[in-house]
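Next up, structure.txt (compact mmCIF, C-alpha atoms and all ligand atoms):
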```txt
# COMPACT_ATOMS: atom_id res chain seq x y z
CA MET A 24 19.25 -6.32 -7.71
CA PRO A 25 19.77 -9.43 -9.86
CA SER A 26 23.43 -10.50 -9.70
CA SER A 27 23.63 -11.03 -13.49
CA LYS A 28 23.29 -7.28 -14.16
CA SER A 29 25.86 -4.60 -13.48
CA PRO A 30 24.67 -1.67 -11.36
CA LYS A 31 24.96 0.61 -14.40
CA ASP A 32 22.77 -1.64 -16.55
CA PHE A 33 20.13 -1.73 -13.88
CA PHE A 34 19.21 1.91 -14.56
CA ARG A 35 19.35 1.69 -18.38
CA PRO A 36 16.02 1.66 -20.26
CA LEU A 37 14.99 -1.88 -21.27
CA ALA A 38 13.87 -0.70 -24.71
CA VAL A 39 15.28 1.91 -27.09
CA GLY A 40 13.33 5.12 -26.57
CA ALA A 41 11.81 4.12 -23.23
CA PRO A 42 12.06 6.61 -20.34
CA THR A 43 15.02 6.29 -17.98
CA PRO A 44 14.16 4.11 -14.97
CA PRO A 45 13.87 6.00 -11.68
CA THR A 46 16.76 5.96 -9.20
CA GLU A 47 14.39 6.84 -6.36
CA ILE A 48 10.69 6.23 -5.75
CA PRO A 49 8.95 9.45 -4.71
CA ALA A 50 7.20 9.39 -1.33
CA ARG A 51 3.78 10.44 -2.62
CA PRO A 52 1.03 10.19 -0.01
CA SER A 53 -0.96 7.00 -0.58
CA ARG A 54 -2.84 6.39 2.64
CA ALA A 55 -5.84 4.87 0.88
CA ILE A 56 -5.65 3.01 -2.42
CA HIS A 57 -9.33 3.06 -3.24
CA PHE A 58 -10.50 0.18 -5.45
CA PHE A 59 -13.31 0.55 -7.94
CA ASP A 60 -14.66 -1.64 -10.71
CA PRO A 61 -14.66 0.53 -13.87
CA SER A 62 -17.32 -1.74 -15.44
CA ASN A 63 -19.75 -0.97 -12.60
CA GLU A 64 -21.65 2.11 -13.74
CA LYS A 65 -22.72 3.17 -10.27
CA MET A 66 -19.18 2.99 -8.94
CA ALA A 67 -17.66 4.60 -12.02
CA ALA A 68 -20.07 7.52 -11.75
CA LYS A 69 -18.73 8.28 -8.27
CA ILE A 70 -15.06 8.48 -9.30
CA PRO A 71 -14.85 12.09 -10.61
CA GLN A 72 -16.25 13.47 -7.35
CA MET A 73 -13.76 11.41 -5.31
CA VAL A 74 -10.75 13.05 -6.99
CA GLY A 75 -8.96 15.28 -4.49
CA SER A 76 -10.43 13.53 -1.45
CA VAL A 77 -8.50 10.27 -1.72
CA ASP A 78 -4.78 9.78 -2.33
CA VAL A 79 -5.07 6.95 -4.90
CA LEU A 80 -7.91 5.74 -7.11
CA LEU A 81 -7.29 2.26 -8.48
CA GLY A 82 -9.24 0.87 -11.42
CA ASN A 83 -9.43 -2.81 -10.60
CA LEU A 84 -9.44 -5.25 -13.51
CA GLU A 85 -8.65 -8.47 -11.59
CA ASP A 86 -10.53 -10.43 -8.91
CA ALA A 87 -13.95 -8.98 -8.00
CA VAL A 88 -14.56 -8.09 -11.67
CA LYS A 89 -16.71 -10.70 -13.39
CA ALA A 90 -15.06 -12.59 -16.27
CA ASP A 91 -17.75 -11.30 -18.64
CA ASN A 92 -16.94 -7.72 -17.63
CA LYS A 93 -13.14 -7.80 -18.04
CA GLU A 94 -13.15 -5.90 -21.33
CA ALA A 95 -15.78 -3.44 -20.14
CA ALA A 96 -13.67 -2.76 -17.03
CA ARG A 97 -10.56 -2.11 -19.14
CA GLU A 98 -12.44 0.22 -21.51
CA GLY A 99 -14.22 1.87 -18.58
CA LEU A 100 -10.85 2.69 -17.05
CA VAL A 101 -9.62 4.22 -20.31
CA THR A 102 -12.73 6.43 -20.40
CA ILE A 103 -12.47 7.49 -16.75
CA ALA A 104 -8.74 8.27 -17.01
CA SER A 105 -9.22 10.22 -20.23
CA GLU A 106 -12.21 12.25 -19.05
CA THR A 107 -11.43 12.95 -15.39
CA ASP A 108 -9.43 16.08 -14.59
CA GLY A 109 -6.93 16.01 -11.74
CA LEU A 110 -6.60 12.24 -11.77
CA GLY A 111 -3.17 10.69 -12.38
CA GLY A 112 0.16 12.14 -13.50
CA PRO A 113 3.10 13.54 -11.56
CA ASP A 114 1.36 16.65 -10.21
CA ALA A 115 -2.10 15.24 -9.56
CA LYS A 116 -3.39 15.26 -5.99
CA THR A 117 -5.06 11.91 -6.62
CA GLN A 118 -2.88 9.28 -8.24
CA LEU A 119 -4.28 6.83 -10.77
CA TRP A 120 -3.34 3.19 -10.34
CA THR A 121 -4.68 0.02 -11.90
CA ARG A 122 -4.61 -3.63 -10.85
CA VAL A 123 -4.21 -5.71 -14.01
CA ASN A 124 -5.17 -9.36 -14.27
CA SER A 125 -2.66 -11.99 -13.21
CA LEU A 126 0.10 -12.73 -15.69
CA ASP A 127 -1.16 -16.25 -16.43
CA SER A 128 -4.73 -15.09 -17.15
CA PRO A 129 -6.24 -14.59 -20.62
CA TRP A 130 -6.52 -10.82 -19.99
CA ALA A 131 -3.16 -9.57 -18.65
CA LEU A 132 -1.46 -8.98 -22.03
CA ASP A 133 -4.44 -7.05 -23.41
CA ASP A 134 -4.67 -5.06 -20.17
CA LEU A 135 -1.11 -3.82 -20.59
CA THR A 136 -1.11 -3.34 -24.36
CA ARG A 137 -4.39 -1.40 -24.24
CA LEU A 138 -3.79 0.74 -21.15
CA VAL A 139 -0.21 1.93 -21.71
CA PRO A 140 -0.73 3.57 -25.12
CA ALA A 141 -4.18 4.91 -24.20
CA ILE A 142 -3.63 6.29 -20.69
CA GLY A 143 0.04 5.59 -19.86
CA HIS A 144 0.70 9.33 -19.36
CA LYS A 145 -1.84 9.34 -16.53
CA LEU A 146 -1.15 5.93 -14.98
CA ASP A 147 1.15 6.29 -11.99
CA VAL A 148 1.40 2.68 -10.84
CA ILE A 149 0.42 -0.73 -12.18
CA MET A 150 -0.36 -3.27 -9.48
CA VAL A 151 0.53 -6.82 -10.49
CA PRO A 152 -1.27 -9.59 -8.60
CA LYS A 153 -0.01 -13.02 -7.57
CA VAL A 154 3.66 -12.20 -8.15
CA GLN A 155 5.72 -15.33 -7.52
CA GLY A 156 9.27 -14.14 -8.01
CA ALA A 157 11.60 -11.70 -9.78
CA GLU A 158 10.81 -13.33 -13.15
CA ASP A 159 7.28 -11.91 -13.09
CA ILE A 160 8.59 -8.40 -12.49
CA HIS A 161 11.27 -8.80 -15.21
CA TYR A 162 8.55 -9.74 -17.70
CA VAL A 163 6.39 -6.72 -16.85
CA ASP A 164 9.44 -4.44 -16.74
CA ARG A 165 10.54 -5.25 -20.30
CA LEU A 166 7.04 -5.19 -21.72
CA LEU A 167 6.31 -1.82 -20.11
CA ALA A 168 9.56 -0.40 -21.49
CA GLN A 169 8.60 -1.54 -25.03
CA LEU A 170 5.10 -0.14 -24.70
CA GLU A 171 6.30 3.15 -23.20
CA ALA A 172 8.83 3.57 -26.04
CA LYS A 173 6.16 2.88 -28.66
CA ALA A 174 3.75 5.32 -26.99
CA GLY A 175 6.43 8.02 -26.63
CA LEU A 176 5.97 8.29 -22.88
CA ASP A 177 8.54 10.37 -21.03
CA ARG A 178 7.84 9.06 -17.51
CA PRO A 179 8.22 5.42 -16.46
CA ILE A 180 5.11 3.76 -15.03
CA LEU A 181 5.88 2.25 -11.63
CA VAL A 182 5.10 -1.33 -10.62
CA HIS A 183 3.56 -2.58 -7.38
CA ALA A 184 3.39 -6.29 -6.52
CA ILE A 185 0.80 -8.04 -4.39
CA LEU A 186 2.28 -10.54 -1.97
CA GLU A 187 -0.33 -13.26 -2.08
CA THR A 188 1.36 -16.59 -2.70
CA ALA A 189 3.63 -18.62 -0.45
CA ARG A 190 6.33 -18.49 -3.12
CA GLY A 191 5.96 -14.74 -3.39
CA VAL A 192 6.52 -14.41 0.36
CA ALA A 193 9.57 -16.71 0.15
CA ASN A 194 10.97 -14.50 -2.64
CA VAL A 195 9.95 -11.16 -1.21
CA GLU A 196 13.42 -9.57 -1.19
CA GLU A 197 14.18 -10.48 -4.81
CA ILE A 198 10.76 -9.20 -5.91
CA CYS A 199 11.42 -5.82 -4.29
CA GLY A 200 14.83 -5.58 -5.96
CA ALA A 201 13.81 -6.91 -9.37
CA SER A 202 13.40 -3.53 -11.11
CA PRO A 203 14.03 0.15 -10.46
CA ARG A 204 10.31 0.57 -11.25
CA MET A 205 9.27 -1.28 -8.11
CA GLN A 206 7.14 1.15 -6.08
CA GLY A 207 5.92 -1.13 -3.32
CA LEU A 208 4.15 -4.23 -2.10
CA SER A 209 0.69 -4.93 -0.74
CA LEU A 210 -0.36 -7.83 1.41
CA GLY A 211 -3.00 -10.00 -0.29
CA PRO A 212 -4.36 -11.91 2.70
CA ALA A 213 -7.24 -13.62 0.88
CA ASP A 214 -5.25 -15.29 -1.88
CA LEU A 215 -2.30 -15.83 0.43
CA ALA A 216 -4.47 -17.68 2.94
CA ALA A 217 -5.77 -19.96 0.19
CA ASP A 218 -2.32 -20.56 -1.29
CA ARG A 219 -0.87 -21.39 2.13
CA ARG A 220 -3.85 -23.63 2.91
CA MET A 221 -4.63 -21.58 6.00
CA LYS A 222 -7.98 -22.56 7.52
CA THR A 223 -9.66 -19.17 7.26
CA THR A 224 -12.57 -18.02 5.11
CA ARG A 225 -12.19 -14.24 5.38
CA VAL A 226 -10.68 -11.36 3.39
CA GLY A 227 -8.02 -10.07 5.79
CA GLY A 228 -8.42 -9.30 9.47
CA GLY A 229 -8.10 -11.62 12.44
CA HIS A 230 -9.67 -14.91 13.50
CA PRO A 231 -11.09 -15.63 16.96
CA GLY A 232 -9.50 -19.08 16.96
CA TYR A 233 -5.94 -17.77 16.55
CA LEU A 234 -5.14 -16.99 20.16
CA VAL A 235 -2.95 -17.41 23.18
CA ARG A 236 -4.58 -18.43 26.48
CA GLN A 237 -3.37 -17.38 29.90
CA ASP A 238 -1.78 -20.20 31.96
CA PRO A 239 -4.08 -21.90 34.52
CA VAL A 240 -3.92 -20.42 38.01
CA ALA A 241 -2.28 -22.87 40.44
CA GLU A 242 -4.81 -24.86 42.47
CA GLN A 243 -7.73 -23.20 40.59
CA PRO A 244 -8.22 -25.29 37.46
CA ASP A 245 -11.68 -23.84 36.81
CA ALA A 246 -10.68 -20.18 37.20
CA HIS A 247 -11.26 -17.93 34.21
CA ARG A 248 -8.25 -17.80 31.88
CA ALA A 249 -7.99 -14.73 29.69
CA ILE A 250 -7.45 -15.22 25.98
CA PHE A 251 -5.57 -12.87 23.69
CA GLN A 252 -6.36 -12.95 20.00
CA GLN A 253 -3.22 -12.84 17.86
CA ASP A 254 -2.58 -11.14 14.52
CA LEU A 255 -2.54 -13.70 11.69
CA TRP A 256 -0.67 -11.27 9.43
CA HIS A 257 2.09 -10.05 11.69
CA TYR A 258 4.80 -12.30 10.22
CA THR A 259 4.06 -11.48 6.60
CA ILE A 260 3.65 -7.74 7.14
CA ALA A 261 6.92 -7.61 9.08
CA ARG A 262 8.76 -9.43 6.26
CA MET A 263 7.19 -7.15 3.71
CA VAL A 264 8.16 -4.01 5.65
CA ASP A 265 11.79 -5.11 5.98
CA ALA A 266 12.05 -6.07 2.31
CA CYS A 267 10.53 -2.75 1.19
CA ALA A 268 12.70 -0.65 3.52
CA THR A 269 15.80 -2.51 2.30
CA HIS A 270 14.97 -1.56 -1.28
CA GLY A 271 13.67 1.99 -0.73
CA ILE A 272 10.09 1.14 -1.70
CA TYR A 273 6.75 1.22 0.17
CA PRO A 274 4.72 -1.44 2.02
CA TYR A 275 0.91 -1.43 2.27
CA TYR A 276 -1.69 -3.48 4.07
CA GLY A 277 -4.29 -4.88 1.64
CA PRO A 278 -8.03 -5.56 1.77
CA PHE A 279 -10.22 -5.72 4.85
CA GLY A 280 -13.36 -7.46 3.64
CA ASP A 281 -15.67 -7.00 6.61
CA ILE A 282 -16.93 -3.63 5.44
CA ALA A 283 -19.42 -3.34 8.32
CA ASP A 284 -16.77 -3.88 11.03
CA VAL A 285 -15.20 -0.45 10.98
CA VAL A 286 -13.63 -0.95 14.42
CA ALA A 287 -11.63 -4.07 13.53
CA CYS A 288 -10.77 -2.50 10.18
CA GLU A 289 -9.24 0.49 11.96
CA ASP A 290 -7.31 -1.85 14.30
CA GLN A 291 -5.91 -3.89 11.40
CA PHE A 292 -4.91 -0.72 9.53
CA ARG A 293 -3.27 0.71 12.67
CA ASN A 294 -1.22 -2.44 13.28
CA ALA A 295 0.12 -2.10 9.73
CA PHE A 296 0.81 1.64 10.18
CA LEU A 297 2.71 1.04 13.42
CA LEU A 298 4.79 -1.72 11.82
CA GLY A 299 5.86 0.57 8.97
CA CYS A 300 3.22 0.44 6.23
CA VAL A 301 2.43 3.73 4.49
CA GLY A 302 -1.13 2.94 3.44
CA THR A 303 -3.79 0.36 2.78
CA TRP A 304 -6.53 -0.62 0.35
CA SER A 305 -10.03 0.77 0.62
CA LEU A 306 -12.77 -1.40 -0.86
CA HIS A 307 -15.76 0.75 0.08
CA PRO A 308 -16.03 4.55 0.33
CA LYS A 309 -16.37 4.35 4.10
CA GLN A 310 -12.92 2.78 4.43
CA ILE A 311 -11.23 5.89 2.94
CA ALA A 312 -11.79 8.00 6.06
CA ILE A 313 -10.52 5.17 8.26
CA ALA A 314 -7.35 4.86 6.21
CA ASN A 315 -6.75 8.61 6.09
CA LYS A 316 -7.13 8.84 9.84
CA VAL A 317 -4.92 5.86 10.69
CA PHE A 318 -2.13 6.56 8.20
CA SER A 319 -1.79 10.24 9.21
CA PRO A 320 0.25 10.67 12.42
CA SER A 321 -1.86 12.09 15.25
CA VAL A 322 -1.40 15.66 16.46
CA GLU A 323 -0.22 14.21 19.81
CA ASP A 324 2.50 12.14 18.09
CA ILE A 325 3.67 15.09 16.02
CA THR A 326 3.69 17.36 19.06
CA HIS A 327 5.89 14.86 20.89
CA ALA A 328 8.11 14.27 17.84
CA ARG A 329 8.71 18.00 17.39
CA ARG A 330 9.53 18.41 21.08
CA VAL A 331 12.16 15.66 20.79
CA VAL A 332 13.62 17.27 17.66
CA ALA A 333 13.82 20.65 19.43
CA ALA A 334 15.25 19.16 22.62
CA MET A 335 17.92 17.18 20.78
CA GLY A 336 19.59 20.32 19.37
CA ASP A 337 22.35 19.15 17.01
CA GLY A 338 20.89 15.63 17.07
CA THR A 339 23.57 13.95 19.17
CA GLY A 340 23.86 13.01 22.82
CA ALA A 341 21.08 12.14 25.26
CA VAL A 342 18.44 14.27 27.00
CA MET A 343 15.61 13.64 29.45
CA LEU A 344 12.12 14.66 28.32
CA ASP A 345 9.09 13.90 30.52
CA GLY A 346 11.20 11.44 32.49
CA LYS A 347 12.27 9.51 29.40
CA MET A 348 15.67 9.23 27.76
CA GLU A 349 15.86 10.52 24.19
CA ASP A 350 18.90 10.13 21.95
CA ASP A 351 19.98 9.90 18.32
CA ALA A 352 17.85 6.79 17.72
CA SER A 353 14.59 8.11 19.17
CA LEU A 354 15.26 11.36 17.28
CA LYS A 355 15.41 9.37 14.02
CA GLN A 356 12.02 7.82 14.79
CA CYS A 357 10.62 11.27 15.49
CA LEU A 358 12.03 12.58 12.20
CA VAL A 359 10.19 9.79 10.32
CA MET A 360 6.94 11.11 11.81
CA VAL A 361 7.75 14.78 11.23
CA GLU A 362 8.69 14.14 7.58
CA LEU A 363 5.49 12.18 7.01
CA ALA A 364 3.45 14.99 8.58
CA GLU A 365 5.10 17.49 6.23
CA GLN A 366 4.35 15.34 3.16
CA LEU A 367 0.72 14.91 4.20
CA ALA A 368 0.26 18.56 5.14
CA ALA A 369 1.35 19.49 1.63
CA ILE A 370 -1.68 17.73 0.15
CA ASP A 371 -4.22 17.81 3.00
CA PRO A 372 -5.22 21.35 4.10
CA GLU A 373 -7.19 20.09 7.14
CA LEU A 374 -4.17 18.16 8.45
CA LYS A 375 -1.92 21.14 7.71
CA LYS A 376 -4.14 23.31 9.89
CA GLN A 377 -3.93 20.79 12.74
CA TYR A 378 -0.16 20.34 12.50
CA ASP A 379 0.44 24.10 12.09
CA ALA A 380 -1.52 24.78 15.29
CA ILE A 381 0.97 22.78 17.37
CA SER A 382 3.09 24.95 19.60
CA ILE A 383 5.93 23.30 21.44
CA ASP A 384 7.88 23.90 24.55
CA SER A 385 11.41 22.95 23.54
CA GLU A 386 12.82 22.67 27.05
CA ALA A 387 14.28 19.33 27.98
CA ASN A 388 13.94 18.50 31.67
C1 LIG B 401 -9.35 -9.94 -2.18
C2 LIG B 401 -9.37 -8.73 -3.17
O1 LIG B 401 -8.91 -8.87 -4.24
S1 LIG B 401 -9.99 -7.26 -2.57
C3 LIG B 401 -9.98 -6.20 -3.94
C4 LIG B 401 -11.10 -6.51 -4.93
N1 LIG B 401 -12.40 -6.14 -4.41
C5 LIG B 401 -12.94 -4.94 -4.66
O2 LIG B 401 -12.35 -4.14 -5.38
C6 LIG B 401 -14.27 -4.65 -4.03
C7 LIG B 401 -14.71 -3.22 -4.28
N2 LIG B 401 -15.94 -2.92 -3.59
C8 LIG B 401 -17.13 -3.44 -3.96
O3 LIG B 401 -17.24 -4.16 -4.94
C9 LIG B 401 -18.33 -2.99 -3.17
O4 LIG B 401 -17.99 -1.96 -2.28
C10 LIG B 401 -19.01 -4.12 -2.34
C11 LIG B 401 -19.46 -5.27 -3.24
C12 LIG B 401 -18.03 -4.62 -1.29
C13 LIG B 401 -20.22 -3.51 -1.62
O5 LIG B 401 -21.00 -2.88 -2.60
P1 LIG B 401 -22.48 -2.40 -2.26
O6 LIG B 401 -23.27 -3.53 -1.68
O7 LIG B 401 -23.03 -1.70 -3.46
O8 LIG B 401 -22.23 -1.36 -1.08
P2 LIG B 401 -23.15 -0.18 -0.61
O9 LIG B 401 -24.60 -0.48 -0.91
O10 LIG B 401 -22.82 0.12 0.81
O11 LIG B 401 -22.67 1.02 -1.52
C14 LIG B 401 -23.10 2.32 -1.30
C15 LIG B 401 -22.82 3.15 -2.53
O12 LIG B 401 -21.41 3.24 -2.70
C16 LIG B 401 -21.03 2.73 -3.98
N3 LIG B 401 -19.78 2.00 -3.83
C17 LIG B 401 -19.58 0.83 -3.19
N4 LIG B 401 -18.30 0.47 -3.27
C18 LIG B 401 -17.68 1.44 -3.97
C19 LIG B 401 -16.35 1.63 -4.39
N5 LIG B 401 -15.41 0.74 -4.10
N6 LIG B 401 -16.04 2.75 -5.07
C20 LIG B 401 -16.98 3.66 -5.36
N7 LIG B 401 -18.28 3.53 -5.02
C21 LIG B 401 -18.61 2.43 -4.33
C22 LIG B 401 -22.16 1.81 -4.40
O13 LIG B 401 -22.22 1.72 -5.80
C23 LIG B 401 -23.36 2.50 -3.80
O14 LIG B 401 -23.74 3.55 -4.68
P3 LIG B 401 -25.28 4.12 -4.71
O15 LIG B 401 -25.44 4.84 -3.40
O16 LIG B 401 -25.28 5.02 -5.88
O17 LIG B 401 -26.16 2.93 -4.84
O1 LIG B 402 -5.91 -9.50 -3.67
C1 LIG B 402 -5.98 -9.51 -2.49
C2 LIG B 402 -6.11 -10.67 -1.69
O2 LIG B 402 -6.21 -10.53 -0.47
O3 LIG B 402 -6.12 -11.77 -2.29
MG MG B 403 -5.86 -11.51 -4.46
```
Show the structure stored in the file as structure tokens.
Ligand SMILES: CC(=O)SCCNC(=O)CCNC(=O)[C@H](O)C(C)(C)COP(=O)(O)OP(=O)(O)OC[C@H]1O[C@@H](n2cnc3c(N)ncnc32)[C@H](O)[C@@H]1OP(=O)(O)O
Ligand SMILES: O=CC(=O)O
Ligand SMILES: [Mg+2]
Amino acid sequence: MPSSKSPKDFFRPLAVGAPTPPTEIPARPSRAIHFFDPSNEKMAAKIPQMVGSVDVLLGNLEDAVKADNKEAAREGLVTIASETDGLGGPDAKTQLWTRVNSLDSPWALDDLTRLVPAIGHKLDVIMVPKVQGAEDIHYVDRLLAQLEAKAGLDRPILVHAILETARGVANVEEICGASPRMQGLSLGPADLAADRRMKTTRVGGGHPGYLVRQDPVAEQPDAHRAIFQQDLWHYTIARMVDACATHGIYPYYGPFGDIADVVACEDQFRNAFLLGCVGTWSLHPKQIAIANKVFSPSVEDITHARRVVAAMGDGTGAVMLDGKMEDDASLKQCLVMVELAEQLAAIDPELKKQYDAISIDSEAN
């Protein structure tokens, strides 16, 4: 929270007539944020049939949309949002998000002033790219409040920032705390790599040159030395997760550009899931299933988590389960998993069936 504002002011609308800012960000399932270009007719035609099978559909207006198509993308999104049932709004199974153009571009102002009055009642989250610091969020916050007031909206649109500049990473905590509207952060590995002058040419994922090599074996200088590829994004994702958890908002991995490499994509998504991210971007329809699988706890994990919960009784003390010590702290980890499973089961009947079929033996040993 910016120090110049009192806590009370922080939750006051920034424009007369604007909806009251949220005091809590709802934990709506958002395992896959599926990107589409609303100016691409083939992609746009697929959107209505994707509703219900993906947690978030995001109309992308920024990078990957040709400069000549920026207006068509914006108008295409208005049409899709207006004409597609079950997409966007507080009770929809599939949320509607957009990624607007960067704030210094010729399109960002028109993106916001066109979309909020036209489809603001359906838009759940606006993703803002290339956020550098709290000042970018303050600008969007005030403008959204003015536009919401003018449009008579009764629900504030949430804001999501992409972490894709070195300055943005340096300011990550203040970005997360810049507005009660902040919903979360995504990693933007492609722009971030360029901004940091990293020597990569990929959109997310690892690099075979970023490795640790086993020490040489004594007296055998020519013996094989194993190499272990390292995760280029570990540091940034970990910072992002801590900043989001501190502010009660949600961290996401971003794009994985090697669409054909579904194995490495799943690995990258899983690393992010294990570190605390709640979801990821999907750039191609085949990445949705990967994201849904990875960001839903496995039946094995939920079985174990429920056994720990049952064995821990009132939640205090220590017990032995399968030869391992469990106590208040491992119980809390298990409750994170169990709560997530409950949220996902509420919107995913197939997962619900799997989780409901778990039967547990509550005996500690
Ligand atoms: C660094 C960043 O900023 S990342 C975020 C910005 N980038 C994006 O949003 C990229 C979004 N995705 C895409 O543009 C495309 O998926 C591409 C360019 C990667 C690949 O597109 P294609 O070569 O057409 O892929 P492919 O031939 O496998 O597509 C199969 C079908 O799925 C459709 N399709 C592809 N991607 C999508 C999508 N994201 N959403 C919906 N439908 C899609 C295609 O139109 C095609 O339809 P058809 O069967 O009717 O012809
Ligand atoms: O916008 C995403 C990125 O990786 O850049
Ligand atoms: Mg980017």
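Of the listed residues (A:Glu171, A:Glu85, A:Asp32, A:Glu362), A:Glu85 comes nearest to ligand LIG 401 (chain B); the distances count all atoms listed in the file.
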Adding 5 Å on each side of the box along x, y and z that holds all listed atoms of ligand LIG 402 (chain B), could you give its centre and edge lengths in Å to one decimal, as JSON?
```
{"center_x": -6.1, "center_y": -10.6, "center_z": -2.1, "size_x": 10.3, "size_y": 12.3, "size_z": 13.2}
```
Closest atom pairs, chain A residues within 9 Å of ligand LIG 402 (chain B), all atoms listed in the file, as a Markdown table:
```
| residue | atom | partner | partner_atom | distance |
| --- | --- | --- | --- | --- |
| A:Glu85 | CA | B:LIG402 | O1 | 8.4 |
| A:Asp86 | CA | B:LIG402 | O1 | 7.0 |
| A:Pro152 | CA | B:LIG402 | O1 | 6.8 |
| A:Lys153 | CA | B:LIG402 | O1 | 7.9 |
| A:Ile185 | CA | B:LIG402 | O1 | 6.9 |
| A:Leu186 | CA | B:LIG402 | C1 | 8.3 |
| A:Glu187 | CA | B:LIG402 | O3 | 6.0 |
| A:Thr188 | CA | B:LIG402 | O3 | 8.9 |
| A:Ser209 | CA | B:LIG402 | C1 | 8.3 |
| A:Leu210 | CA | B:LIG402 | O2 | 6.7 |
| A:Gly211 | CA | B:LIG402 | O2 | 3.3 |
| A:Pro212 | CA | B:LIG402 | O2 | 3.9 |
| A:Ala213 | CA | B:LIG402 | O2 | 3.5 |
| A:Asp214 | CA | B:LIG402 | O3 | 3.6 |
| A:Leu215 | CA | B:LIG402 | O3 | 6.2 |
| A:Ala216 | CA | B:LIG402 | O3 | 8.1 |
| A:Ala217 | CA | B:LIG402 | O3 | 8.6 |
| A:Val226 | CA | B:LIG402 | O2 | 6.0 |
| A:Gly227 | CA | B:LIG402 | O2 | 6.5 |
| A:Gly277 | CA | B:LIG402 | O2 | 6.3 |
| A:Pro278 | CA | B:LIG402 | O2 | 5.7 |
| A:Phe279 | CA | B:LIG402 | O2 | 8.2 |
| A:Gly280 | CA | B:LIG402 | O2 | 8.8 |
```
So that I have them on file, write out the residues from the current selection with C-alpha atoms, as a short mmCIF file (atom, residue, chain, number, x, y, z; two decimals), in the frame of the given file.
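Output below, filename selection.cif:
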```cif
data_model
loop_
_atom_site.label_atom_id
_atom_site.label_comp_id
_atom_site.auth_asym_id
_atom_site.auth_seq_id
_atom_site.Cartn_x
_atom_site.Cartn_y
_atom_site.Cartn_z
CA GLU A 85 -8.65 -8.47 -11.59
CA ASP A 86 -10.53 -10.43 -8.91
CA PRO A 152 -1.27 -9.59 -8.60
CA LYS A 153 -0.01 -13.02 -7.57
CA ILE A 185 0.80 -8.04 -4.39
CA LEU A 186 2.28 -10.54 -1.97
CA GLU A 187 -0.33 -13.26 -2.08
CA THR A 188 1.36 -16.59 -2.70
CA SER A 209 0.69 -4.93 -0.74
CA LEU A 210 -0.36 -7.83 1.41
CA GLY A 211 -3.00 -10.00 -0.29
CA PRO A 212 -4.36 -11.91 2.70
CA ALA A 213 -7.24 -13.62 0.88
CA ASP A 214 -5.25 -15.29 -1.88
CA LEU A 215 -2.30 -15.83 0.43
CA ALA A 216 -4.47 -17.68 2.94
CA ALA A 217 -5.77 -19.96 0.19
CA VAL A 226 -10.68 -11.36 3.39
CA GLY A 227 -8.02 -10.07 5.79
CA GLY A 277 -4.29 -4.88 1.64
CA PRO A 278 -8.03 -5.56 1.77
CA PHE A 279 -10.22 -5.72 4.85
CA GLY A 280 -13.36 -7.46 3.64
#
```
Residues near A:Asp177, cut-off 10 Å, all atoms listed in the file, skip fewer than 6 positions along chain, as a ChimeraX atom specification:
/A:40-43,143-144,171
Nearest to A:Ala38 by atom-to-atom distance, counting all atoms listed in the file, from A:Thr224, A:Ser353, A:Thr107, A:Gln169
A:Gln169
Hey, which residues come within 7 Å of ligand LIG 401 (chain B) if we count only C-alpha atoms and all ligand atoms? Could you give them as a PyMOL selection string?
chain A and resi 57-60+65-67+69-70+83+86-87+211+213-214+226+278+282+306-308
Once you have the residues from the selection above, write them out as a PDB file, in the frame of the given file, restricted to C-alpha atoms.
```pdb
ATOM      1  CA  HIS A  57      -9.330   3.060  -3.240  1.00  0.00           C
ATOM      2  CA  PHE A  58     -10.500   0.180  -5.450  1.00  0.00           C
ATOM      3  CA  PHE A  59     -13.310   0.550  -7.940  1.00  0.00           C
ATOM      4  CA  ASP A  60     -14.660  -1.640 -10.710  1.00  0.00           C
ATOM      5  CA  LYS A  65     -22.720   3.170 -10.270  1.00  0.00           C
ATOM      6  CA  MET A  66     -19.180   2.990  -8.940  1.00  0.00           C
ATOM      7  CA  ALA A  67     -17.660   4.600 -12.020  1.00  0.00           C
ATOM      8  CA  LYS A  69     -18.730   8.280  -8.270  1.00  0.00           C
ATOM      9  CA  ILE A  70     -15.060   8.480  -9.300  1.00  0.00           C
ATOM     10  CA  ASN A  83      -9.430  -2.810 -10.600  1.00  0.00           C
ATOM     11  CA  ASP A  86     -10.530 -10.430  -8.910  1.00  0.00           C
ATOM     12  CA  ALA A  87     -13.950  -8.980  -8.000  1.00  0.00           C
ATOM     13  CA  GLY A 211      -3.000 -10.000  -0.290  1.00  0.00           C
ATOM     14  CA  ALA A 213      -7.240 -13.620   0.880  1.00  0.00           C
ATOM     15  CA  ASP A 214      -5.250 -15.290  -1.880  1.00  0.00           C
ATOM     16  CA  VAL A 226     -10.680 -11.360   3.390  1.00  0.00           C
ATOM     17  CA  PRO A 278      -8.030  -5.560   1.770  1.00  0.00           C
ATOM     18  CA  ILE A 282     -16.930  -3.630   5.440  1.00  0.00           C
ATOM     19  CA  LEU A 306     -12.770  -1.400  -0.860  1.00  0.00           C
ATOM     20  CA  HIS A 307     -15.760   0.750   0.080  1.00  0.00           C
ATOM     21  CA  PRO A 308     -16.030   4.550   0.330  1.00  0.00           C
TER      22      PRO A 308
END
```
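Comparing A:Ser305, A:Gln237, A:Thr326, A:Asn63 by their smallest distance to A:Val77, the closest is A:Ser305 (using all atoms listed in the file).
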Find the residues around A:Gln253 up to 8 Å (all atoms listed in the file counted), leave out those fewer than 3 positions away in its own chain, and share them as a PyMOL selection string.
chain A and resi 229+233-235
